[in-house]
Amino acid sequence: SNDPLVVFTPSGKRGRFPAGTPVLTAARQLGVDLDSVCGGRGICSKCQITPSYGEFAKHGVTVQDGALSEWNKVEQRYKDKRGLIDGRRLGCQAKIETDVVIDVPPESQVHKQVVRKRAEARDIVMNPSIRLVYVDVEEPDMHKPTGDLERLCEALETQWDIKGVKSDLHILRSLQPALRKGAWKVTVALHLGAGELAPRIMHIWPGYYEGTVYGIAIDLGSTTIAAHLCDLKSGEVVASSGIMNPQIRFGEDLMSRVSYSMMNKGGDLEMTRTVREGLNTLFSQIATEAEIDQTLIMDAVFVCNPVMHHLLIGIDPFELGQAPFALATANSLALDARDLDLNLHPAARIYLLPCIAGHVGADAAAVALSEAPDKSEDLVLVVDVGTNAEILLGNKDRVLACSSPTGPAFEGAQISSGQRAAPGAIERVEINPETKEPRFRVIGSDIWSDEQGFAESIATTGISGICGSGIIEVIAEMRLAGLLDASGLIGSAEQTGSARCVPEGRTHAYLLWDGTAEGGPRITVTNPDIRAIQMAKAALYSGARLLMDKIGVDTVDRVVLAGAFGAHISAKHAMVLGMIPDCPLEKVTSAGNAAGTGARIALLNTDARREIEQTVREIEKIETAVEPRFQEHFVNASAIPNAIEPFPILKS
Ligand code: FES
């Protein structure tokens, strides 16, 4: 035909349209991702485009200079009021007259990409559950008696093609004033289902609402609760915050919380109330930090282990404390925030990722979403180390999962000088294999101990103990320096040639730091410390090894260490200890808080929720407790690095 040709970049979508067709209309018909909140009324400016001129050999078009360059009255008015960059036009106002190439800038795309911080990680494509639309509602008429809500729904259907919208009492109460105040024009926040039955009206603002709405991604751990507040329009993290889980007073680890609920009538309810109070504290803290109204948070995604999952929604975790570890439900959950007494927007929705198994929770599912072993070409082992290690092994053909009870030793508990990772904790250690003398670094200081200035720097932070990564490094370094045999026994001063190997009980200990002269602590690594770490690392290794057995491999292509702890341990030391299977060191990476990242992906992209639900159904769950091989692996894995497994890469 002779109709003008329009080509959109970067999508490359093209088509011919009669002269006079608005660019936004053409974009919609071609399925080009061009945003619009006001539906083409020249109010929202979300539809901005940049016409391009010149020759586009690639597209077979030459665009005349100046075509589409003139602002119309609506745009001129918009520009005077709010500003519009030269060369930009509003897609709803610009009309196609001649052949034209039109660029849609990233900020005008609905499904824009949000870049994640790590270079190797994929971008998040925006597809949030909440969408804002501006509608013109018909005024009431004595001759056609209908309710305001019905006319609003009709407007949503005719102007936005959004059908079957549901709302609740809270919306009904605000509807009439909003419609009248806005002179029958309102902005509506809609929750677009996301696996739920119908789109829901979340909020109504009179006239055009210029602001944004927010979502929050929460990693609900048994020790800490971390949250990212995200702008649901841009996908940006506007604030991050964390608190200690106040349930700690009912027990340090998960099992002690399960037993608290067993021993105390109503104990589960008490813990449920406590964690919800903690969450509400966190919400107001993060809203204050971001300087936003807390009620603008309309969507929340939670990831957590099964016990926290049940306690959050108000289910006694009793069954999770005993075989066969039955979950109340393993499926994902979509709930109302107010049913959980959470102070967000009154209609806010909550999404909980599915659990993989009774031991492997929604946090592991979030790690799977973030690290995507199911999309990996090579065989990847993903371990999230906490008091329970969640282990995933697989590639695009199959993925297996298990959990292994590592206990709290990696977090510095059960260690004589152990402590949580906090300023003053020794986090890095090196032992000179000749002199057997240590040098180390504490959290809060960037100076190694035998360099000048160290004394000053510890005067500010102090030295208080060793954290999890420090204990792993010191034990691995002791093994490398010959202070420790493969069974984990520390030699005497005579055997090792180091005066730092001092008698302690019936064995020996390695004196890492003696600050007693200055009133500080005396920090030693004792045989019971090493024993505790041996148990923890053997549990981790045996879990991984069991999954390798199931797949029938002796090696993995790469290892991803997830979790805050994973971010701090050195691959070399983890391998010297035999925590993880032998693997080229450069193939061992840290994913940081992968569970938190998974929560953020699910928050910003509702398709990812469907994706992980499907992935979790396909993951093969392995229960370590019923596998006789697990015990066998465990016994061998207690040695450093291992009694029978070869670590060839380590040797070289
Ligand atoms: Fe809102 Fe164009 S669509 S200004």
# chains A, B, ... in the order shown; residues from 1 in each chain; ligands from 1
>>> residues_around(residues="segment 32-35 of chain A", least_positions_apart="4", cutoff="10 Å", atoms="only C-alpha atoms", output="PyMOL selection string")
chain A and resi 8-14+23-28+39+44-49+91+104-112
>>> select_by_dssp(residues="segment 79-232 of chain A", states="strand (DSSP E or B)", output="VMD selection string")
chain A and resid 89 to 90 95 100 to 103 113 to 114 124 to 125 127 130 to 136 141 144 166 185 to 191 200 to 206 214 to 220 224 to 231
>>> write_last_selection(atoms="N, CA and C atoms", output="short mmCIF file (atom, residue, chain, number, x, y, z; two decimals), in the first residue's frame")
data_model
loop_
_atom_site.label_atom_id
_atom_site.label_comp_id
_atom_site.auth_asym_id
_atom_site.auth_seq_id
_atom_site.Cartn_x
_atom_site.Cartn_y
_atom_site.Cartn_z
N ARG A 89 9.07 13.51 21.55
CA ARG A 89 7.65 13.81 21.37
C ARG A 89 6.83 12.84 22.21
N LEU A 90 5.60 13.21 22.45
CA LEU A 90 4.70 12.29 23.13
C LEU A 90 4.11 11.37 22.06
N LYS A 95 1.75 12.23 15.14
CA LYS A 95 1.00 11.45 14.15
C LYS A 95 1.90 11.08 12.99
N VAL A 100 8.79 6.78 8.65
CA VAL A 100 9.48 7.31 9.83
C VAL A 100 10.10 6.18 10.65
N VAL A 101 11.22 6.51 11.30
CA VAL A 101 11.85 5.57 12.23
C VAL A 101 11.72 6.18 13.62
N ILE A 102 11.22 5.41 14.55
CA ILE A 102 10.93 5.94 15.88
C ILE A 102 11.64 5.12 16.94
N ASP A 103 12.40 5.83 17.78
CA ASP A 103 13.11 5.13 18.84
C ASP A 103 12.33 5.23 20.14
N GLN A 113 14.56 -3.13 31.32
CA GLN A 113 15.48 -4.03 32.01
C GLN A 113 16.06 -3.31 33.21
N VAL A 114 16.11 -4.00 34.30
CA VAL A 114 16.76 -3.44 35.48
C VAL A 114 18.07 -4.19 35.65
N ILE A 124 17.04 -8.08 35.18
CA ILE A 124 15.64 -8.35 35.51
C ILE A 124 14.78 -7.58 34.51
N VAL A 125 13.86 -8.28 33.88
CA VAL A 125 12.92 -7.61 32.98
C VAL A 125 11.72 -7.17 33.81
N ASN A 127 8.19 -6.53 34.94
CA ASN A 127 6.81 -6.92 34.67
C ASN A 127 6.11 -7.02 36.02
N ILE A 130 1.77 -4.57 39.82
CA ILE A 130 0.94 -3.36 39.95
C ILE A 130 1.09 -2.47 38.72
N ARG A 131 -0.04 -2.03 38.21
CA ARG A 131 -0.01 -1.13 37.07
C ARG A 131 -0.91 0.07 37.37
N LEU A 132 -0.46 1.25 36.94
CA LEU A 132 -1.27 2.45 37.14
C LEU A 132 -1.94 2.81 35.82
N VAL A 133 -3.23 3.08 35.87
CA VAL A 133 -3.91 3.57 34.66
C VAL A 133 -4.79 4.76 35.03
N TYR A 134 -4.92 5.64 34.04
CA TYR A 134 -5.73 6.84 34.22
C TYR A 134 -7.00 6.64 33.41
N VAL A 135 -8.15 6.86 34.03
CA VAL A 135 -9.40 6.65 33.31
C VAL A 135 -10.36 7.82 33.47
N ASP A 136 -11.19 7.98 32.45
CA ASP A 136 -12.30 8.92 32.41
C ASP A 136 -13.56 8.14 32.73
N ASP A 141 -26.04 9.36 35.97
CA ASP A 141 -27.14 9.94 35.22
C ASP A 141 -28.46 9.37 35.80
N LYS A 144 -30.00 6.68 33.75
CA LYS A 144 -29.31 5.38 33.64
C LYS A 144 -28.72 5.04 34.99
N LYS A 166 -11.94 -6.75 40.26
CA LYS A 166 -12.52 -6.91 41.59
C LYS A 166 -12.00 -5.79 42.50
N LYS A 185 -12.22 11.95 36.62
CA LYS A 185 -10.98 11.40 36.08
C LYS A 185 -10.17 10.91 37.28
N VAL A 186 -9.74 9.66 37.21
CA VAL A 186 -8.99 9.09 38.33
C VAL A 186 -7.83 8.24 37.83
N THR A 187 -6.82 8.09 38.69
CA THR A 187 -5.75 7.13 38.42
C THR A 187 -6.00 5.92 39.32
N VAL A 188 -5.95 4.76 38.71
CA VAL A 188 -6.24 3.53 39.44
C VAL A 188 -4.98 2.65 39.48
N ALA A 189 -4.65 2.18 40.67
CA ALA A 189 -3.58 1.17 40.76
C ALA A 189 -4.26 -0.19 40.73
N LEU A 190 -3.83 -1.02 39.79
CA LEU A 190 -4.43 -2.35 39.64
C LEU A 190 -3.39 -3.41 39.94
N HIS A 191 -3.81 -4.43 40.65
CA HIS A 191 -2.97 -5.61 40.81
C HIS A 191 -3.43 -6.57 39.74
N ARG A 200 -7.30 -6.72 40.54
CA ARG A 200 -7.96 -6.04 41.66
C ARG A 200 -7.59 -4.57 41.65
N ILE A 201 -8.56 -3.77 42.06
CA ILE A 201 -8.26 -2.35 42.26
C ILE A 201 -7.58 -2.23 43.62
N MET A 202 -6.41 -1.61 43.62
CA MET A 202 -5.66 -1.46 44.87
C MET A 202 -5.88 -0.08 45.48
N HIS A 203 -5.97 0.92 44.60
CA HIS A 203 -6.03 2.29 45.10
C HIS A 203 -6.60 3.19 44.01
N ILE A 204 -7.25 4.26 44.45
CA ILE A 204 -7.78 5.25 43.50
C ILE A 204 -7.33 6.64 43.93
N TRP A 205 -6.72 7.37 42.99
CA TRP A 205 -6.34 8.75 43.25
C TRP A 205 -7.21 9.66 42.37
N PRO A 206 -7.67 10.79 42.92
CA PRO A 206 -8.39 11.73 42.05
C PRO A 206 -7.44 12.30 41.00
N TYR A 214 5.24 1.25 45.30
CA TYR A 214 6.40 0.48 45.72
C TYR A 214 6.07 -0.98 46.02
N GLY A 215 7.10 -1.77 45.95
CA GLY A 215 7.01 -3.16 46.36
C GLY A 215 8.19 -3.45 47.27
N ILE A 216 8.10 -4.51 48.04
CA ILE A 216 9.18 -4.82 48.95
C ILE A 216 9.52 -6.31 48.86
N ALA A 217 10.81 -6.59 48.77
CA ALA A 217 11.29 -7.98 48.70
C ALA A 217 11.95 -8.29 50.04
N ILE A 218 11.49 -9.35 50.68
CA ILE A 218 11.95 -9.63 52.04
C ILE A 218 12.58 -11.02 52.14
N ASP A 219 13.78 -11.03 52.66
CA ASP A 219 14.47 -12.29 52.94
C ASP A 219 14.34 -12.52 54.45
N LEU A 220 13.40 -13.37 54.81
CA LEU A 220 13.07 -13.58 56.22
C LEU A 220 13.90 -14.75 56.74
N THR A 224 18.40 -12.96 60.75
CA THR A 224 18.20 -11.58 60.32
C THR A 224 17.06 -11.51 59.31
N ILE A 225 16.46 -10.34 59.23
CA ILE A 225 15.43 -10.08 58.22
C ILE A 225 15.95 -8.91 57.38
N ALA A 226 16.06 -9.14 56.08
CA ALA A 226 16.57 -8.10 55.20
C ALA A 226 15.50 -7.75 54.18
N ALA A 227 15.40 -6.47 53.83
CA ALA A 227 14.38 -6.06 52.88
C ALA A 227 14.94 -5.05 51.88
N HIS A 228 14.46 -5.16 50.65
CA HIS A 228 14.75 -4.16 49.61
C HIS A 228 13.43 -3.51 49.22
N LEU A 229 13.40 -2.19 49.29
CA LEU A 229 12.22 -1.46 48.84
C LEU A 229 12.45 -1.05 47.39
N CYS A 230 11.51 -1.43 46.50
CA CYS A 230 11.71 -1.17 45.07
C CYS A 230 10.60 -0.28 44.52
N ASP A 231 11.00 0.62 43.65
CA ASP A 231 10.07 1.42 42.88
C ASP A 231 9.48 0.50 41.81
#
>>> residues_around(residues="segment 574-579 of chain A", least_positions_apart="2", cutoff="6 Å", atoms="only C-alpha atoms", output="NGL selection string")
:A and (476 or 537 or 541 or 571-572 or 640-641)
>>> write_last_selection(atoms="all heavy atoms", output="PDB file, in the first residue's frame")
ATOM      1  N   ALA A 476      42.059 -23.935  57.802  1.00  0.00           N
ATOM      2  CA  ALA A 476      42.672 -24.326  56.529  1.00  0.00           C
ATOM      3  C   ALA A 476      44.157 -23.951  56.519  1.00  0.00           C
ATOM      4  O   ALA A 476      45.015 -24.730  56.089  1.00  0.00           O
ATOM      5  CB  ALA A 476      41.938 -23.671  55.369  1.00  0.00           C
ATOM      6  N   LYS A 537      31.341 -28.912  58.082  1.00  0.00           N
ATOM      7  CA  LYS A 537      31.790 -29.000  56.693  1.00  0.00           C
ATOM      8  C   LYS A 537      31.538 -30.392  56.140  1.00  0.00           C
ATOM      9  O   LYS A 537      31.264 -30.562  54.944  1.00  0.00           O
ATOM     10  CB  LYS A 537      33.253 -28.559  56.568  1.00  0.00           C
ATOM     11  CG  LYS A 537      34.293 -29.527  57.100  1.00  0.00           C
ATOM     12  CD  LYS A 537      34.928 -30.330  55.981  1.00  0.00           C
ATOM     13  CE  LYS A 537      35.913 -31.336  56.531  1.00  0.00           C
ATOM     14  NZ  LYS A 537      36.418 -32.231  55.481  1.00  0.00           N
ATOM     15  N   TYR A 541      29.581 -31.057  52.733  1.00  0.00           N
ATOM     16  CA  TYR A 541      30.199 -31.836  51.655  1.00  0.00           C
ATOM     17  C   TYR A 541      29.385 -33.093  51.333  1.00  0.00           C
ATOM     18  O   TYR A 541      29.178 -33.414  50.153  1.00  0.00           O
ATOM     19  CB  TYR A 541      31.635 -32.219  52.030  1.00  0.00           C
ATOM     20  CG  TYR A 541      32.316 -32.988  50.918  1.00  0.00           C
ATOM     21  CD1 TYR A 541      32.916 -32.322  49.860  1.00  0.00           C
ATOM     22  CD2 TYR A 541      32.343 -34.378  50.918  1.00  0.00           C
ATOM     23  CE1 TYR A 541      33.511 -33.013  48.827  1.00  0.00           C
ATOM     24  CE2 TYR A 541      32.935 -35.082  49.885  1.00  0.00           C
ATOM     25  CZ  TYR A 541      33.527 -34.398  48.840  1.00  0.00           C
ATOM     26  OH  TYR A 541      34.097 -35.080  47.814  1.00  0.00           O
ATOM     27  N   ALA A 571      37.403 -19.236  48.408  1.00  0.00           N
ATOM     28  CA  ALA A 571      37.226 -20.523  47.729  1.00  0.00           C
ATOM     29  C   ALA A 571      38.364 -21.472  48.082  1.00  0.00           C
ATOM     30  O   ALA A 571      38.153 -22.658  48.340  1.00  0.00           O
ATOM     31  CB  ALA A 571      37.161 -20.293  46.227  1.00  0.00           C
ATOM     32  N   LYS A 572      39.576 -20.912  48.119  1.00  0.00           N
ATOM     33  CA  LYS A 572      40.742 -21.759  48.388  1.00  0.00           C
ATOM     34  C   LYS A 572      40.624 -22.420  49.756  1.00  0.00           C
ATOM     35  O   LYS A 572      40.807 -23.632  49.897  1.00  0.00           O
ATOM     36  CB  LYS A 572      42.010 -20.899  48.317  1.00  0.00           C
ATOM     37  CG  LYS A 572      43.268 -21.664  48.625  1.00  0.00           C
ATOM     38  CD  LYS A 572      44.484 -20.749  48.636  1.00  0.00           C
ATOM     39  CE  LYS A 572      45.277 -20.959  49.913  1.00  0.00           C
ATOM     40  NZ  LYS A 572      46.276 -19.920  50.144  1.00  0.00           N
ATOM     41  N   ILE A 640      40.280 -33.827  56.947  1.00  0.00           N
ATOM     42  CA  ILE A 640      40.598 -32.576  56.250  1.00  0.00           C
ATOM     43  C   ILE A 640      41.639 -32.846  55.164  1.00  0.00           C
ATOM     44  O   ILE A 640      42.747 -33.206  55.504  1.00  0.00           O
ATOM     45  CB  ILE A 640      41.122 -31.520  57.240  1.00  0.00           C
ATOM     46  CG1 ILE A 640      40.078 -31.287  58.349  1.00  0.00           C
ATOM     47  CG2 ILE A 640      41.454 -30.225  56.530  1.00  0.00           C
ATOM     48  CD1 ILE A 640      40.573 -30.397  59.479  1.00  0.00           C
ATOM     49  N   PRO A 641      41.359 -32.720  53.848  1.00  0.00           N
ATOM     50  CA  PRO A 641      40.034 -32.356  53.360  1.00  0.00           C
ATOM     51  C   PRO A 641      39.064 -33.531  53.348  1.00  0.00           C
ATOM     52  O   PRO A 641      37.876 -33.326  53.495  1.00  0.00           O
ATOM     53  CB  PRO A 641      40.303 -31.871  51.936  1.00  0.00           C
ATOM     54  CG  PRO A 641      41.552 -32.566  51.506  1.00  0.00           C
ATOM     55  CD  PRO A 641      42.351 -32.761  52.748  1.00  0.00           C
TER      56      PRO A 641
END
>>> residues_around(residues="segment 556-566 of chain A", least_positions_apart="4", cutoff="10 Å", atoms="only C-alpha atoms", output="JSON, numbers by chain")
{"A": [364, 367, 371, 373, 377, 378, 379, 380, 381, 382, 383, 384, 385, 386, 389, 390, 391, 392, 393, 394, 410, 411, 421, 467, 468, 469, 544, 548, 570, 571, 574, 580, 581, 582, 583, 584, 585, 586, 587, 588, 589, 590, 591, 592, 593, 594, 595, 596]}
>>> closest_residue(among="A:Val307, A:Leu169, A:Glu427, A:Phe302", to="Leu333 of chain A", atoms="only C-alpha atoms")
A:Phe302
>>> select_by_dssp(residues="segment 394-514 of chain A", states="alpha helix (DSSP H)", output="number ranges by chain")
A: 454-461, 468-480, 493-496
>>> residues_around(residues="Gly251 of chain A", least_positions_apart="4", cutoff="10 Å", atoms="only C-alpha atoms", output="ChimeraX atom specification")
/A:222-223,247,255-260
>>> write_last_selection(atoms="C-alpha atoms", output="PDB file, in the first residue's frame")
ATOM      1  CA  SER A 222      15.931 -17.084  61.269  1.00  0.00           C
ATOM      2  CA  THR A 223      18.691 -14.707  62.413  1.00  0.00           C
ATOM      3  CA  GLN A 247      12.217 -14.432  67.389  1.00  0.00           C
ATOM      4  CA  MET A 255      15.028 -26.437  65.776  1.00  0.00           C
ATOM      5  CA  SER A 256      14.995 -24.621  69.080  1.00  0.00           C
ATOM      6  CA  ARG A 257      12.077 -22.529  67.815  1.00  0.00           C
ATOM      7  CA  VAL A 258      10.192 -25.636  66.747  1.00  0.00           C
ATOM      8  CA  SER A 259      10.786 -27.112  70.178  1.00  0.00           C
ATOM      9  CA  TYR A 260       9.683 -23.848  71.814  1.00  0.00           C
TER      10      TYR A 260
END
>>> closest_residue(among="A:Asp99, A:Asp293, A:Glu139, A:Glu210", to="Cys38 of chain A", atoms="only C-alpha atoms")
A:Glu210
>>> residues_around(residues="segment 618-620 of chain A", least_positions_apart="2", cutoff="7 Å", atoms="only C-alpha atoms", output="PyMOL selection string")
chain A and resi 399-401+614-616+622
>>> closest_residue(among="A:Gly211, A:Pro503, A:Pro145, A:Gly543", to="Thr526 of chain A", atoms="only C-alpha atoms")
A:Pro503
>>> atom_distance(atom1="atom CA of Leu603 of chain A", atom2="atom CA of Pro246 of chain A")
24.7 Å
>>> residues_around(residues="Gly444 of chain A", least_positions_apart="2", cutoff="7 Å", atoms="only C-alpha atoms", output="list in words")
Pro423, Gly424, Val442, Asp446 and Thr461 of chain A
>>> atom_distance(atom1="atom CA of Glu623 of chain A", atom2="atom CA of Leu546 of chain A")
9.9 Å
>>> closest_residue(among="A:Thr597, A:Thr524, A:Thr272, A:Thr21", to="Pro4 of chain A", atoms="only C-alpha atoms")
A:Thr21
>>> closest_residue(among="A:Ala94, A:Leu511, A:Leu5, A:Val37", to="ligand 1", atoms="only C-alpha atoms and all ligand atoms")
A:Val37
>>> atom_distance(atom1="atom CA of Phe17 of chain A", atom2="atom CA of Gly40 of chain A")
17.7 Å
>>> decode(residues="segment 217-237 of chain A", atoms="N, CA and C atoms", output="PDB file, in the first residue's frame")
ATOM      1  N   ALA A 217      10.812  -6.594  48.773  1.00  0.00           N
ATOM      2  CA  ALA A 217      11.291  -7.980  48.700  1.00  0.00           C
ATOM      3  C   ALA A 217      11.954  -8.294  50.036  1.00  0.00           C
ATOM      4  N   ILE A 218      11.493  -9.351  50.677  1.00  0.00           N
ATOM      5  CA  ILE A 218      11.950  -9.631  52.044  1.00  0.00           C
ATOM      6  C   ILE A 218      12.581 -11.016  52.142  1.00  0.00           C
ATOM      7  N   ASP A 219      13.785 -11.032  52.660  1.00  0.00           N
ATOM      8  CA  ASP A 219      14.466 -12.295  52.940  1.00  0.00           C
ATOM      9  C   ASP A 219      14.343 -12.515  54.449  1.00  0.00           C
ATOM     10  N   LEU A 220      13.395 -13.369  54.806  1.00  0.00           N
ATOM     11  CA  LEU A 220      13.073 -13.580  56.222  1.00  0.00           C
ATOM     12  C   LEU A 220      13.899 -14.750  56.744  1.00  0.00           C
ATOM     13  N   GLY A 221      15.029 -14.431  57.343  1.00  0.00           N
ATOM     14  CA  GLY A 221      15.906 -15.471  57.866  1.00  0.00           C
ATOM     15  C   GLY A 221      15.637 -15.721  59.334  1.00  0.00           C
ATOM     16  N   SER A 222      16.170 -16.815  59.859  1.00  0.00           N
ATOM     17  CA  SER A 222      15.931 -17.084  61.269  1.00  0.00           C
ATOM     18  C   SER A 222      16.755 -16.154  62.154  1.00  0.00           C
ATOM     19  N   THR A 223      17.850 -15.622  61.637  1.00  0.00           N
ATOM     20  CA  THR A 223      18.691 -14.707  62.413  1.00  0.00           C
ATOM     21  C   THR A 223      18.419 -13.249  62.041  1.00  0.00           C
ATOM     22  N   THR A 224      18.402 -12.964  60.750  1.00  0.00           N
ATOM     23  CA  THR A 224      18.202 -11.583  60.321  1.00  0.00           C
ATOM     24  C   THR A 224      17.059 -11.509  59.307  1.00  0.00           C
ATOM     25  N   ILE A 225      16.464 -10.338  59.232  1.00  0.00           N
ATOM     26  CA  ILE A 225      15.435 -10.077  58.218  1.00  0.00           C
ATOM     27  C   ILE A 225      15.947  -8.911  57.379  1.00  0.00           C
ATOM     28  N   ALA A 226      16.057  -9.143  56.084  1.00  0.00           N
ATOM     29  CA  ALA A 226      16.569  -8.097  55.201  1.00  0.00           C
ATOM     30  C   ALA A 226      15.497  -7.745  54.182  1.00  0.00           C
ATOM     31  N   ALA A 227      15.403  -6.471  53.832  1.00  0.00           N
ATOM     32  CA  ALA A 227      14.375  -6.056  52.876  1.00  0.00           C
ATOM     33  C   ALA A 227      14.938  -5.046  51.882  1.00  0.00           C
ATOM     34  N   HIS A 228      14.459  -5.155  50.651  1.00  0.00           N
ATOM     35  CA  HIS A 228      14.745  -4.159  49.614  1.00  0.00           C
ATOM     36  C   HIS A 228      13.427  -3.510  49.218  1.00  0.00           C
ATOM     37  N   LEU A 229      13.403  -2.186  49.286  1.00  0.00           N
ATOM     38  CA  LEU A 229      12.219  -1.462  48.840  1.00  0.00           C
ATOM     39  C   LEU A 229      12.447  -1.055  47.389  1.00  0.00           C
ATOM     40  N   CYS A 230      11.514  -1.433  46.503  1.00  0.00           N
ATOM     41  CA  CYS A 230      11.713  -1.174  45.072  1.00  0.00           C
ATOM     42  C   CYS A 230      10.604  -0.285  44.520  1.00  0.00           C
ATOM     43  N   ASP A 231      11.003   0.623  43.651  1.00  0.00           N
ATOM     44  CA  ASP A 231      10.066   1.423  42.878  1.00  0.00           C
ATOM     45  C   ASP A 231       9.480   0.505  41.813  1.00  0.00           C
ATOM     46  N   LEU A 232       8.171   0.319  41.825  1.00  0.00           N
ATOM     47  CA  LEU A 232       7.578  -0.649  40.893  1.00  0.00           C
ATOM     48  C   LEU A 232       7.442  -0.085  39.485  1.00  0.00           C
ATOM     49  N   LYS A 233       7.761   1.191  39.283  1.00  0.00           N
ATOM     50  CA  LYS A 233       7.769   1.722  37.923  1.00  0.00           C
ATOM     51  C   LYS A 233       9.155   1.539  37.314  1.00  0.00           C
ATOM     52  N   SER A 234      10.175   1.951  38.046  1.00  0.00           N
ATOM     53  CA  SER A 234      11.528   1.916  37.484  1.00  0.00           C
ATOM     54  C   SER A 234      12.259   0.619  37.803  1.00  0.00           C
ATOM     55  N   GLY A 235      11.837  -0.065  38.847  1.00  0.00           N
ATOM     56  CA  GLY A 235      12.522  -1.275  39.265  1.00  0.00           C
ATOM     57  C   GLY A 235      13.697  -1.007  40.193  1.00  0.00           C
ATOM     58  N   GLU A 236      14.005   0.264  40.394  1.00  0.00           N
ATOM     59  CA  GLU A 236      15.156   0.604  41.243  1.00  0.00           C
ATOM     60  C   GLU A 236      14.928   0.229  42.706  1.00  0.00           C
ATOM     61  N   VAL A 237      16.024  -0.155  43.361  1.00  0.00           N
ATOM     62  CA  VAL A 237      15.975  -0.340  44.814  1.00  0.00           C
ATOM     63  C   VAL A 237      16.122   1.057  45.421  1.00  0.00           C
TER      64      VAL A 237
END
